[in-house]
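**Q** Structure file data08.pdb, PDB, C-alpha atoms and all ligand atoms, is pasted below:
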ATOM      1  CA  MET A   1     -80.651 148.368 180.439
ATOM      2  CA  LYS A   2     -83.453 146.523 182.121
ATOM      3  CA  ASP A   3     -83.203 143.215 180.284
ATOM      4  CA  TRP A   4     -79.600 142.308 180.959
ATOM      5  CA  PRO A   5     -78.898 140.659 184.316
ATOM      6  CA  TYR A   6     -75.407 142.086 184.692
ATOM      7  CA  SER A   7     -73.369 144.958 183.388
ATOM      8  CA  VAL A   8     -70.786 143.093 181.284
ATOM      9  CA  PHE A   9     -70.770 140.392 178.639
ATOM     10  CA  PRO A  10     -70.093 136.972 180.098
ATOM     11  CA  THR A  11     -66.604 135.497 179.796
ATOM     12  CA  GLY A  12     -66.103 132.594 177.431
ATOM     13  CA  TRP A  13     -65.842 131.244 173.904
ATOM     14  CA  TYR A  14     -68.361 132.413 171.331
ATOM     15  CA  GLN A  15     -69.042 131.442 167.771
ATOM     16  CA  VAL A  16     -68.216 134.144 165.220
ATOM     17  CA  GLY A  17     -68.577 132.100 162.040
ATOM     18  CA  TYR A  18     -68.114 128.768 160.305
ATOM     19  CA  SER A  19     -64.750 127.524 159.037
ATOM     20  CA  SER A  20     -66.259 126.528 155.691
ATOM     21  CA  GLU A  21     -67.522 130.059 155.124
ATOM     22  CA  LEU A  22     -64.187 131.821 155.585
ATOM     23  CA  GLN A  23     -61.732 130.865 152.860
ATOM     24  CA  PRO A  24     -58.117 132.076 152.606
ATOM     25  CA  GLY A  25     -58.252 135.704 151.484
ATOM     26  CA  ASP A  26     -61.782 136.346 152.792
ATOM     27  CA  VAL A  27     -62.323 139.543 154.802
ATOM     28  CA  ARG A  28     -65.541 140.292 156.680
ATOM     29  CA  PRO A  29     -66.675 143.252 158.757
ATOM     30  CA  VAL A  30     -68.368 141.897 161.903
ATOM     31  CA  LYS A  31     -69.727 143.322 165.126
ATOM     32  CA  TYR A  32     -69.531 141.481 168.411
ATOM     33  CA  PHE A  33     -69.211 142.493 172.075
ATOM     34  CA  ASP A  34     -70.150 146.078 171.172
ATOM     35  CA  GLN A  35     -67.022 146.310 169.039
ATOM     36  CA  ASP A  36     -66.515 146.767 165.324
ATOM     37  CA  LEU A  37     -64.211 143.970 164.236
ATOM     38  CA  VAL A  38     -62.674 142.522 161.110
ATOM     39  CA  LEU A  39     -62.576 138.765 160.585
ATOM     40  CA  PHE A  40     -60.222 137.396 157.933
ATOM     41  CA  ARG A  41     -58.249 134.353 156.885
ATOM     42  CA  THR A  42     -54.676 134.701 155.681
ATOM     43  CA  GLU A  43     -53.340 132.893 152.628
ATOM     44  CA  SER A  44     -51.785 130.173 154.784
ATOM     45  CA  GLY A  45     -55.161 129.646 156.484
ATOM     46  CA  GLU A  46     -54.790 131.433 159.826
ATOM     47  CA  VAL A  47     -57.972 133.043 161.140
ATOM     48  CA  SER A  48     -57.734 136.498 162.676
ATOM     49  CA  LEU A  49     -60.242 138.710 164.450
ATOM     50  CA  LEU A  50     -59.000 142.252 164.982
ATOM     51  CA  ASP A  51     -60.417 145.546 166.113
ATOM     52  CA  ALA A  52     -61.769 146.976 162.847
ATOM     53  CA  TYR A  53     -60.027 150.322 162.893
ATOM     54  CA  CYS A  54     -56.635 150.913 161.371
ATOM     55  CA  ARG A  55     -54.297 152.574 163.840
ATOM     56  CA  HIS A  56     -53.041 154.983 161.181
ATOM     57  CA  LEU A  57     -56.075 157.134 160.383
ATOM     58  CA  GLY A  58     -58.934 154.915 161.438
ATOM     59  CA  ALA A  59     -60.189 153.271 158.259
ATOM     60  CA  HIS A  60     -62.382 150.208 158.824
ATOM     61  CA  LEU A  61     -60.349 147.224 157.618
ATOM     62  CA  GLY A  62     -63.494 145.193 156.937
ATOM     63  CA  TYR A  63     -64.584 147.500 154.130
ATOM     64  CA  GLY A  64     -62.078 147.180 151.326
ATOM     65  CA  GLY A  65     -59.239 145.630 153.354
ATOM     66  CA  LYS A  66     -57.402 142.882 151.460
ATOM     67  CA  VAL A  67     -55.438 139.856 152.554
ATOM     68  CA  LYS A  68     -51.832 140.033 151.355
ATOM     69  CA  GLY A  69     -50.004 136.879 152.330
ATOM     70  CA  GLU A  70     -50.189 136.706 156.113
ATOM     71  CA  CYS A  71     -51.321 140.325 156.520
ATOM     72  CA  ILE A  72     -54.347 142.492 155.959
ATOM     73  CA  GLU A  73     -53.830 145.622 153.888
ATOM     74  CA  CYS A  74     -55.695 148.757 154.912
ATOM     75  CA  PRO A  75     -57.857 150.151 152.083
ATOM     76  CA  PHE A  76     -56.909 153.776 152.924
ATOM     77  CA  HIS A  77     -53.081 153.999 152.704
ATOM     78  CA  GLY A  78     -52.024 150.377 152.424
ATOM     79  CA  TRP A  79     -50.475 149.813 155.841
ATOM     80  CA  LEU A  80     -50.052 146.100 156.397
ATOM     81  CA  TRP A  81     -51.137 144.498 159.661
ATOM     82  CA  THR A  82     -50.328 140.936 160.688
ATOM     83  CA  ALA A  83     -52.918 138.391 161.809
ATOM     84  CA  GLY A  84     -51.724 139.103 165.348
ATOM     85  CA  GLY A  85     -52.432 142.824 164.931
ATOM     86  CA  GLY A  86     -48.803 143.939 164.598
ATOM     87  CA  LEU A  87     -47.685 146.575 162.111
ATOM     88  CA  SER A  88     -45.776 144.786 159.390
ATOM     89  CA  GLU A  89     -45.051 147.517 156.849
ATOM     90  CA  ILE A  90     -45.805 151.067 155.806
ATOM     91  CA  PRO A  91     -45.553 150.689 152.025
ATOM     92  CA  TYR A  92     -44.711 154.348 151.246
ATOM     93  CA  ALA A  93     -42.202 154.632 154.098
ATOM     94  CA  PRO A  94     -40.505 151.220 154.085
ATOM     95  CA  GLY A  95     -37.769 152.026 156.585
ATOM     96  CA  GLU A  96     -40.095 153.550 159.192
ATOM     97  CA  GLN A  97     -41.715 151.783 162.094
ATOM     98  CA  ARG A  98     -44.404 153.050 164.449
ATOM     99  CA  ARG A  99     -45.093 151.578 167.861
ATOM    100  CA  VAL A 100     -48.716 150.801 167.262
ATOM    101  CA  SER A 101     -50.705 147.629 167.059
ATOM    102  CA  ILE A 102     -54.326 146.610 166.665
ATOM    103  CA  ASP A 103     -56.111 144.665 169.399
ATOM    104  CA  ARG A 104     -56.680 141.045 168.540
ATOM    105  CA  LEU A 105     -59.297 138.696 169.942
ATOM    106  CA  GLN A 106     -58.137 135.122 170.476
ATOM    107  CA  THR A 107     -59.710 132.715 168.013
ATOM    108  CA  ARG A 108     -59.965 128.957 167.586
ATOM    109  CA  GLU A 109     -61.365 126.646 164.955
ATOM    110  CA  VAL A 110     -63.064 123.625 166.450
ATOM    111  CA  ALA A 111     -65.486 121.145 164.853
ATOM    112  CA  GLY A 112     -66.312 123.435 161.923
ATOM    113  CA  LEU A 113     -66.876 126.546 164.020
ATOM    114  CA  ILE A 114     -64.796 129.697 164.352
ATOM    115  CA  LEU A 115     -64.727 130.843 167.956
ATOM    116  CA  ALA A 116     -63.583 134.006 169.677
ATOM    117  CA  TRP A 117     -62.698 134.435 173.327
ATOM    118  CA  TYR A 118     -64.252 137.293 175.248
ATOM    119  CA  ASP A 119     -63.332 138.435 178.720
ATOM    120  CA  SER A 120     -64.158 141.882 180.000
ATOM    121  CA  PHE A 121     -60.967 141.860 182.101
ATOM    122  CA  GLY A 122     -58.880 141.036 179.060
ATOM    123  CA  ARG A 123     -57.687 137.739 180.507
ATOM    124  CA  GLU A 124     -56.326 135.095 178.148
ATOM    125  CA  PRO A 125     -58.482 131.985 177.584
ATOM    126  CA  PHE A 126     -58.492 129.755 180.625
ATOM    127  CA  TRP A 127     -60.432 126.895 179.107
ATOM    128  CA  GLU A 128     -60.922 125.428 175.649
ATOM    129  CA  TRP A 129     -63.991 124.184 173.826
ATOM    130  CA  PRO A 130     -63.696 120.458 173.094
ATOM    131  CA  GLY A 131     -66.214 120.499 170.225
ATOM    132  CA  ILE A 132     -69.064 118.122 169.455
ATOM    133  CA  PRO A 133     -67.641 114.710 168.480
ATOM    134  CA  GLU A 134     -70.508 114.050 166.062
ATOM    135  CA  PHE A 135     -69.733 117.235 164.093
ATOM    136  CA  LEU A 136     -66.361 115.783 163.143
ATOM    137  CA  ASP A 137     -67.471 112.217 162.554
ATOM    138  CA  GLU A 138     -68.980 112.266 159.059
ATOM    139  CA  GLU A 139     -68.657 108.524 158.771
ATOM    140  CA  ASN A 140     -71.420 108.055 161.305
ATOM    141  CA  ASN A 141     -73.177 111.418 161.059
ATOM    142  CA  TYR A 142     -74.392 113.611 158.230
ATOM    143  CA  PRO A 143     -72.321 116.735 157.550
ATOM    144  CA  ILE A 144     -73.407 119.582 159.799
ATOM    145  CA  THR A 145     -76.376 121.736 158.817
ATOM    146  CA  LEU A 146     -75.559 125.425 159.264
ATOM    147  CA  ASP A 147     -78.567 127.441 160.353
ATOM    148  CA  HIS A 148     -77.828 131.177 160.311
ATOM    149  CA  VAL A 149     -80.526 132.562 162.525
ATOM    150  CA  GLY A 150     -79.138 136.098 162.515
ATOM    151  CA  VAL A 151     -79.229 138.845 165.103
ATOM    152  CA  ARG A 152     -82.040 138.557 167.632
ATOM    153  CA  LYS A 153     -82.911 140.446 170.795
ATOM    154  CA  ILE A 154     -81.665 137.609 172.983
ATOM    155  CA  ILE A 155     -78.980 137.474 175.661
ATOM    156  CA  PRO A 156     -76.626 134.465 175.765
ATOM    157  CA  GLN A 157     -77.895 133.307 179.132
ATOM    158  CA  SER A 158     -81.418 132.616 177.819
ATOM    159  CA  PRO A 159     -80.654 129.586 175.629
ATOM    160  CA  VAL A 160     -78.573 127.942 178.354
ATOM    161  CA  GLU A 161     -81.230 128.709 180.942
ATOM    162  CA  ASN A 162     -83.478 126.221 179.128
ATOM    163  CA  THR A 163     -81.364 123.543 180.821
ATOM    164  CA  PRO A 164     -83.143 123.563 184.202
ATOM    165  CA  ASP A 165     -86.526 124.409 182.687
ATOM    166  CA  TYR A 166     -88.280 121.037 182.662
ATOM    167  CA  TYR A 167     -91.820 122.438 182.433
ATOM    168  CA  HIS A 168     -91.498 124.699 179.395
ATOM    169  CA  PHE A 169     -91.384 121.635 177.097
ATOM    170  CA  MET A 170     -95.128 121.232 177.562
ATOM    171  CA  TRP A 171     -96.036 124.782 176.558
ATOM    172  CA  VAL A 172     -93.292 125.761 174.155
ATOM    173  CA  HIS A 173     -92.470 122.432 172.503
ATOM    174  CA  GLY A 174     -95.759 120.562 172.680
ATOM    175  CA  ALA A 175     -94.457 117.746 174.922
ATOM    176  CA  GLY A 176     -97.032 115.611 176.688
ATOM    177  CA  GLN A 177     -95.237 115.805 180.008
ATOM    178  CA  PRO A 178     -92.355 117.655 181.651
ATOM    179  CA  GLY A 179     -88.772 116.461 181.410
ATOM    180  CA  LYS A 180     -87.431 114.289 184.197
ATOM    181  CA  PRO A 181     -84.019 115.287 185.548
ATOM    182  CA  LEU A 182     -81.594 112.348 185.455
ATOM    183  CA  LEU A 183     -78.234 114.085 185.830
ATOM    184  CA  TRP A 184     -76.973 117.518 186.847
ATOM    185  CA  LYS A 185     -73.236 117.973 186.956
ATOM    186  CA  GLU A 186     -71.260 121.189 187.116
ATOM    187  CA  ASP A 187     -67.566 121.273 186.456
ATOM    188  CA  GLN A 188     -66.358 124.886 186.537
ATOM    189  CA  HIS A 189     -67.361 126.410 183.161
ATOM    190  CA  TYR A 190     -68.971 123.141 182.010
ATOM    191  CA  LEU A 191     -72.526 122.059 182.799
ATOM    192  CA  HIS A 192     -73.661 118.572 181.869
ATOM    193  CA  THR A 193     -77.207 117.293 182.309
ATOM    194  CA  ARG A 194     -79.489 114.524 181.152
ATOM    195  CA  VAL A 195     -83.243 114.816 181.025
ATOM    196  CA  GLY A 196     -85.557 111.867 180.530
ATOM    197  CA  PHE A 197     -88.426 112.136 178.071
ATOM    198  CA  VAL A 198     -91.190 110.018 176.684
ATOM    199  CA  TYR A 199     -91.167 110.838 172.976
ATOM    200  CA  GLY A 200     -94.564 110.467 171.401
ATOM    201  CA  HIS A 201     -96.162 110.442 174.871
ATOM    202  CA  GLY A 202     -99.743 109.183 174.770
ATOM    203  CA  LYS A 203     -99.724 108.677 170.983
ATOM    204  CA  LYS A 204     -99.899 105.387 169.142
ATOM    205  CA  ALA A 205     -97.488 106.489 166.445
ATOM    206  CA  THR A 206     -95.779 109.696 165.342
ATOM    207  CA  TRP A 207     -93.221 110.278 162.580
ATOM    208  CA  MET A 208     -90.564 110.392 165.292
ATOM    209  CA  THR A 209     -91.891 107.338 167.105
ATOM    210  CA  PRO A 210     -93.533 105.129 164.462
ATOM    211  CA  ASN A 211     -93.646 102.152 166.835
ATOM    212  CA  GLY A 212     -95.235 103.992 169.713
ATOM    213  CA  PRO A 213     -93.839 106.018 172.633
ATOM    214  CA  VAL A 214     -90.112 105.724 173.338
ATOM    215  CA  PHE A 215     -88.340 106.597 176.549
ATOM    216  CA  GLY A 216     -85.505 108.804 175.419
ATOM    217  CA  GLU A 217     -83.236 111.525 176.667
ATOM    218  CA  ILE A 218     -81.974 114.975 176.027
ATOM    219  CA  GLU A 219     -78.366 115.265 177.068
ATOM    220  CA  THR A 220     -77.310 118.871 177.401
ATOM    221  CA  GLU A 221     -73.858 120.341 177.628
ATOM    222  CA  ALA A 222     -72.987 123.990 178.101
ATOM    223  CA  TRP A 223     -69.561 125.548 177.982
ATOM    224  CA  GLY A 224     -69.985 128.991 179.452
ATOM    225  CA  LEU A 225     -73.038 130.849 178.198
ATOM    226  CA  GLY A 226     -72.061 131.123 174.547
ATOM    227  CA  LEU A 227     -72.196 127.482 173.476
ATOM    228  CA  SER A 228     -74.739 124.867 174.452
ATOM    229  CA  ASN A 229     -75.547 121.544 172.837
ATOM    230  CA  ALA A 230     -78.579 119.316 173.088
ATOM    231  CA  ARG A 231     -78.198 115.668 172.136
ATOM    232  CA  PHE A 232     -81.597 114.100 171.491
ATOM    233  CA  VAL A 233     -81.370 110.368 171.982
ATOM    234  CA  LEU A 234     -84.291 108.238 170.769
ATOM    235  CA  GLU A 235     -82.872 104.738 170.909
ATOM    236  CA  ASN A 236     -80.300 104.775 168.100
ATOM    237  CA  PHE A 237     -81.621 107.896 166.359
ATOM    238  CA  ILE A 238     -79.381 110.673 167.638
ATOM    239  CA  THR A 239     -79.548 114.377 166.872
ATOM    240  CA  ASN A 240     -77.106 117.030 168.017
ATOM    241  CA  GLN A 241     -78.107 120.653 168.033
ATOM    242  CA  LEU A 242     -75.647 123.301 169.114
ATOM    243  CA  THR A 243     -76.950 126.752 169.927
ATOM    244  CA  ALA A 244     -74.404 129.547 169.839
ATOM    245  CA  ALA A 245     -75.367 133.014 171.032
ATOM    246  CA  THR A 246     -72.722 135.689 170.610
ATOM    247  CA  PRO A 247     -73.383 139.154 172.033
ATOM    248  CA  VAL A 248     -73.532 141.905 169.434
ATOM    249  CA  ASP A 249     -74.540 144.628 171.849
ATOM    250  CA  ARG A 250     -76.177 144.773 175.289
ATOM    251  CA  GLU A 251     -79.500 143.458 174.075
ATOM    252  CA  HIS A 252     -78.787 141.498 170.905
ATOM    253  CA  SER A 253     -76.920 138.347 169.973
ATOM    254  CA  GLN A 254     -75.931 136.686 166.731
ATOM    255  CA  LEU A 255     -77.528 133.223 166.805
ATOM    256  CA  PHE A 256     -76.142 130.159 165.045
ATOM    257  CA  GLU A 257     -77.707 126.707 165.112
ATOM    258  CA  THR A 258     -75.609 123.743 164.023
ATOM    259  CA  ILE A 259     -77.330 120.391 163.651
ATOM    260  CA  THR A 260     -76.406 116.861 162.716
ATOM    261  CA  VAL A 261     -78.222 113.532 162.824
ATOM    262  CA  ASN A 262     -76.525 110.146 162.830
ATOM    263  CA  ARG A 263     -76.558 108.399 159.452
ATOM    264  CA  GLN A 264     -79.688 106.374 158.842
ATOM    265  CA  PRO A 265     -79.543 103.069 156.993
ATOM    266  CA  GLY A 266     -80.296 103.482 153.289
ATOM    267  CA  GLU A 267     -80.115 107.297 153.404
ATOM    268  CA  PRO A 268     -76.856 108.639 151.940
ATOM    269  CA  GLU A 269     -78.261 112.157 152.428
ATOM    270  CA  PRO A 270     -80.625 113.095 155.242
ATOM    271  CA  THR A 271     -83.938 112.506 153.523
ATOM    272  CA  GLY A 272     -86.546 110.650 155.562
ATOM    273  CA  ARG A 273     -86.722 110.884 159.331
ATOM    274  CA  ALA A 274     -83.305 112.587 159.600
ATOM    275  CA  ALA A 275     -84.292 115.448 157.284
ATOM    276  CA  ARG A 276     -87.551 115.858 159.120
ATOM    277  CA  MET A 277     -85.745 115.938 162.460
ATOM    278  CA  ILE A 278     -83.379 118.694 161.300
ATOM    279  CA  GLU A 279     -86.294 120.856 160.168
ATOM    280  CA  PHE A 280     -88.230 119.996 163.312
ATOM    281  CA  GLN A 281     -85.387 121.105 165.591
ATOM    282  CA  LYS A 282     -84.894 124.325 163.623
ATOM    283  CA  GLY A 283     -88.559 125.028 164.238
ATOM    284  CA  GLN A 284     -88.486 124.043 167.909
ATOM    285  CA  ILE A 285     -85.645 126.386 168.790
ATOM    286  CA  ARG A 286     -87.464 129.233 167.039
ATOM    287  CA  ARG A 287     -90.325 128.727 169.456
ATOM    288  CA  ASP A 288     -87.856 129.360 172.263
ATOM    289  CA  PHE A 289     -86.499 132.429 170.452
ATOM    290  CA  ALA A 290     -89.988 133.930 170.335
ATOM    291  CA  ILE A 291     -90.128 133.655 174.128
ATOM    292  CA  TRP A 292     -86.590 134.834 174.810
ATOM    293  CA  GLU A 293     -86.622 137.888 172.577
ATOM    294  CA  ASN A 294     -89.682 139.246 174.311
ATOM    295  CA  GLN A 295     -88.844 138.088 177.816
ATOM    296  CA  ARG A 296     -87.747 140.268 180.718
ATOM    297  CA  TYR A 297     -85.112 138.829 183.028
ATOM    298  CA  VAL A 298     -86.565 138.011 186.462
ATOM    299  CA  GLU A 299     -83.931 137.971 189.156
ATOM    300  CA  HIS A 300     -85.980 136.308 191.908
ATOM    301  CA  PRO A 301     -88.749 134.231 190.313
ATOM    302  CA  PRO A 302     -91.558 132.728 192.410
ATOM    303  CA  PHE A 303     -90.665 129.121 191.584
ATOM    304  CA  ALA A 304     -93.166 126.248 191.733
ATOM    305  CA  GLY A 305     -93.397 122.514 191.310
ATOM    306  CA  GLY A 306     -89.823 121.890 192.434
ATOM    307  CA  GLU A 307     -88.306 123.931 189.607
ATOM    308  CA  GLU A 308     -86.207 126.005 192.001
ATOM    309  CA  GLU A 309     -83.738 123.218 192.684
ATOM    310  CA  HIS A 310     -81.977 123.199 189.354
ATOM    311  CA  TYR A 311     -82.880 126.778 188.462
ATOM    312  CA  ALA A 312     -81.120 128.019 191.576
ATOM    313  CA  ARG A 313     -78.112 125.880 190.793
ATOM    314  CA  PHE A 314     -78.091 127.174 187.251
ATOM    315  CA  ARG A 315     -78.241 130.790 188.359
ATOM    316  CA  ARG A 316     -75.335 130.267 190.783
ATOM    317  CA  TRP A 317     -73.331 128.491 188.093
ATOM    318  CA  SER A 318     -74.006 131.253 185.550
ATOM    319  CA  LYS A 319     -72.663 133.974 187.833
ATOM    320  CA  GLN A 320     -69.071 132.854 187.371
ATOM    321  CA  PHE A 321     -69.124 134.185 183.787
ATOM    322  CA  TYR A 322     -69.931 137.769 184.692
ATOM    323  CA  SER A 323     -66.786 139.383 185.943
ATOM    324  CA  ASP A 324     -68.697 142.103 187.719
ATOM    325  CA  GLN A 325     -69.777 139.424 190.171
ATOM    326  CA  PRO A 326     -67.572 138.303 193.046
ATOM    327  CA  TYR A 327     -65.590 135.359 191.768
ATOM    328  CA  THR A 328     -66.943 132.863 194.271
ATOM    329  CA  ALA A 329     -69.467 130.985 192.166
ATOM    330  CA  ASN A 330     -67.369 127.838 191.960
ATOM    331  CA  ALA A 331     -66.664 127.806 195.654
ATOM    332  CA  GLN A 332     -70.385 128.074 196.420
ATOM    333  CA  ILE A 333     -71.215 125.254 194.055
ATOM    334  CA  ALA A 334     -68.555 122.998 195.554
ATOM    335  CA  ALA A 335     -69.963 123.642 199.030
ATOM    336  CA  ALA A 336     -73.593 123.110 197.978
TER     337      ALA A 336
HETATM  338  S1  LIG B 401     -55.949 154.529 157.702
HETATM  339 FE1  LIG B 401     -55.128 152.616 157.380
HETATM  340  S2  LIG B 401     -53.330 152.989 156.279
HETATM  341 FE2  LIG B 401     -54.124 154.940 156.674
HETATM  342 FE    FE B 402     -86.731 125.082 174.781
END
Can I see the file as structure tokens?
Ligand code: FES
Ligand SMILES: [Fe+2]
**A**
Amino acid sequence: MKDWPYSVFPTGWYQVGYSSELQPGDVRPVKYFDQDLVLFRTESGEVSLLDAYCRHLGAHLGYGGKVKGECIECPFHGWLWTAGGGLSEIPYAPGEQRRVSIDRLQTREVAGLILAWYDSFGREPFWEWPGIPEFLDEENNYPITLDHVGVRKIIPQSPVENTPDYYHFMWVHGAGQPGKPLLWKEDQHYLHTRVGFVYGHGKKATWMTPNGPVFGEIETEAWGLGLSNARFVLENFITNQLTAATPVDREHSQLFETITVNRQPGEPEPTGRAARMIEFQKGQIRRDFAIWENQRYVEHPPFAGGEEEHYARFRRWSKQFYSDQPYTANAQIAAA
């Protein structure tokens, strides 16, 4: 597999859906991490993500499985499995128990997203995703826009690797000049940066900068390689765009974009500049996708123009998520 830098999926939290799109009783067949899975919500509201195959005779629970109370009922012979993957009942042999269970992936619901934990060693989650504050604050921000991009030939590292790439803005996003690094801070699985930008560089007026160029910022945050947010700050016009890339197989990921803009005076719904910004950002990220899905991973690039400084730091930071790498990435970063 030439395009994948390592042999396993990176450890971390990944988006597998949106809370608002999985109601109590909903059952969905899904595929992530090279595994067939079933995602469902029990009647009380608990989300569960289980290996898809019933331990009795292997029916796929995502095709015809039904939520019964806190369990999922297999479509083949009606065995009932709990949200935790335990065998609750064999309906035609009520007194009998079998020592079998179905593997469960840990899930969370944070800021409107459903997340699943993946670790190739099977370790329990050792960090949590704090969410994007703006996604929860509908008083000051419009409700989140859900952009289902779908499955693309992209690996999760590619979107996050935009973080140290200050020059690509000129070619991929039409910026008049490269970004200017203002902050680079690693804290274990968390990477926080700020990049300075002149919006509307060299132009008298644009729809984004009607009063002429504005010195603004892109604040980026990444939690592992599955979730990364960009906060575009143009004075008090603030857009958050979360990119979630969840491996489906070795070469493909399911991509979700979640966007919100802060409420603009006189616009109960995003209509004017806010609506335009949402569409603009959807379009901008698709320009990146076109690069990433056709890109080959280069392990030792011939860097130029000072780009190696943060690229090298990024590559060291990213190694901690691949458990086939020696687990020393954090130690190296601390010493650097
Ligand atoms: S295969 Fe699921 S109950 Fe038989
Ligand atoms: Fe980009």
**Q** Within 12 Å of ligand LIG 401 (chain B), which residues show up when you count all atoms listed in the file? List them as number ranges by chain, please.
**A** A: 52-66, 72-81, 87-93, 100-102
**Q** Check which residues fall inside 8 Å of ligand FE 402 (chain B) when counting only C-alpha atoms and all ligand atoms, and print them as a list in words.
**A**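 Those residues are Pro159, Asn162, Asp165, His168, Phe169, Val172, His173, Gln284, Ile285, Arg287 and Asp288 of chain A.
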**Q** What would the file look like if the residues just selected were written as a CSV table (one decimal), in the frame of the given file with C-alpha atoms?
**A**
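Result file is result.csv:
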chain,number,residue,atom,x,y,z
A,159,PRO,CA,-80.7,129.6,175.6
A,162,ASN,CA,-83.5,126.2,179.1
A,165,ASP,CA,-86.5,124.4,182.7
A,168,HIS,CA,-91.5,124.7,179.4
A,169,PHE,CA,-91.4,121.6,177.1
A,172,VAL,CA,-93.3,125.8,174.2
A,173,HIS,CA,-92.5,122.4,172.5
A,284,GLN,CA,-88.5,124.0,167.9
A,285,ILE,CA,-85.6,126.4,168.8
A,287,ARG,CA,-90.3,128.7,169.5
A,288,ASP,CA,-87.9,129.4,172.3
**Q** Could you give me the axis-aligned bounding box of range 138-147 of chain A, with 3 Å of padding per side, as centre plus edge lengths in Å to one decimal, as lines of an AutoDock Vina configuration file?
**A**
center_x = -73.6
center_y = 117.7
center_z = 159.4
size_x = 15.9
size_y = 25.4
size_z = 9.8
**Q** List the residues selected by the PyMOL selection byres (((chain A and resi 215) around 6) and not hetatm) in the file shown, writing them as a short mmCIF file (atom, residue, chain, number, x, y, z; two decimals) with C-alpha atoms, in the coordinates of the input.
**A**
data_model
loop_
_atom_site.label_atom_id
_atom_site.label_comp_id
_atom_site.auth_asym_id
_atom_site.auth_seq_id
_atom_site.Cartn_x
_atom_site.Cartn_y
_atom_site.Cartn_z
CA PHE A 197 -88.43 112.14 178.07
CA VAL A 198 -91.19 110.02 176.68
CA VAL A 214 -90.11 105.72 173.34
CA GLY A 216 -85.50 108.80 175.42
#
**Q** Can you pull out every residue within 6 Å of range 10-18 of chain A, counting only C-alpha atoms, but drop anything in the same chain fewer than 3 positions away, and send it as a PyMOL selection string?
**A** chain A and resi 21+112-119+224+226+246+321-322
**Q** Carefully work through the PyMOL selection byres (((chain A and resi 227-240) around 7) and not hetatm) for this structure and note down the residues it includes, as a PyMOL selection string.
**A** chain A and resi 14+160+214+216-226+241-245+259-262
**Q** Applying the PyMOL selection byres (((chain A and resi 147) around 8) and not hetatm) to the file I just gave you, which residues come out? Please list them as a list in words.
**A**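 On the file shown, the PyMOL selection byres (((chain A and resi 147) around 8) and not hetatm) covers Thr145, Leu146, His148, Val149, Phe256, Glu257, Thr258, Ile259 and Lys282 of chain A.
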**Q** Just to confirm, what's the straight-line distance from CA of Leu182 in chain A to CA of Gly196 in chain A in Å (one decimal)?
**A**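 Distance between the two atoms: 6.3 Å.
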**Q** Could you state the separation of CA of Tyr166 in chain A and CA of Arg313 in chain A in Å, given to one decimal place?
**A**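 So the answer is 13.9 Å.
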**Q** What is the CA of Ser158 in chain A to CA of Phe33 in chain A distance in Å?
**A** 16.7 Å
**Q** Given all atoms listed in the file as the basis, pick out the residue of A:Pro178, A:Arg315, A:Tyr167, A:Ala205 nearest to Val298 in chain A.
**A**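 Among the listed residues, the smallest separation from Val298 in chain A belongs to A:Arg315.
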**Q** I need the residue nearest Gly150 in chain A from this list: A:Arg296, A:Arg316, A:Arg273, A:Arg286. Use only C-alpha atoms for the distance.
**A**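 Nearest candidate to Gly150 in chain A out of A:Arg296, A:Arg316, A:Arg273, A:Arg286: A:Arg286.
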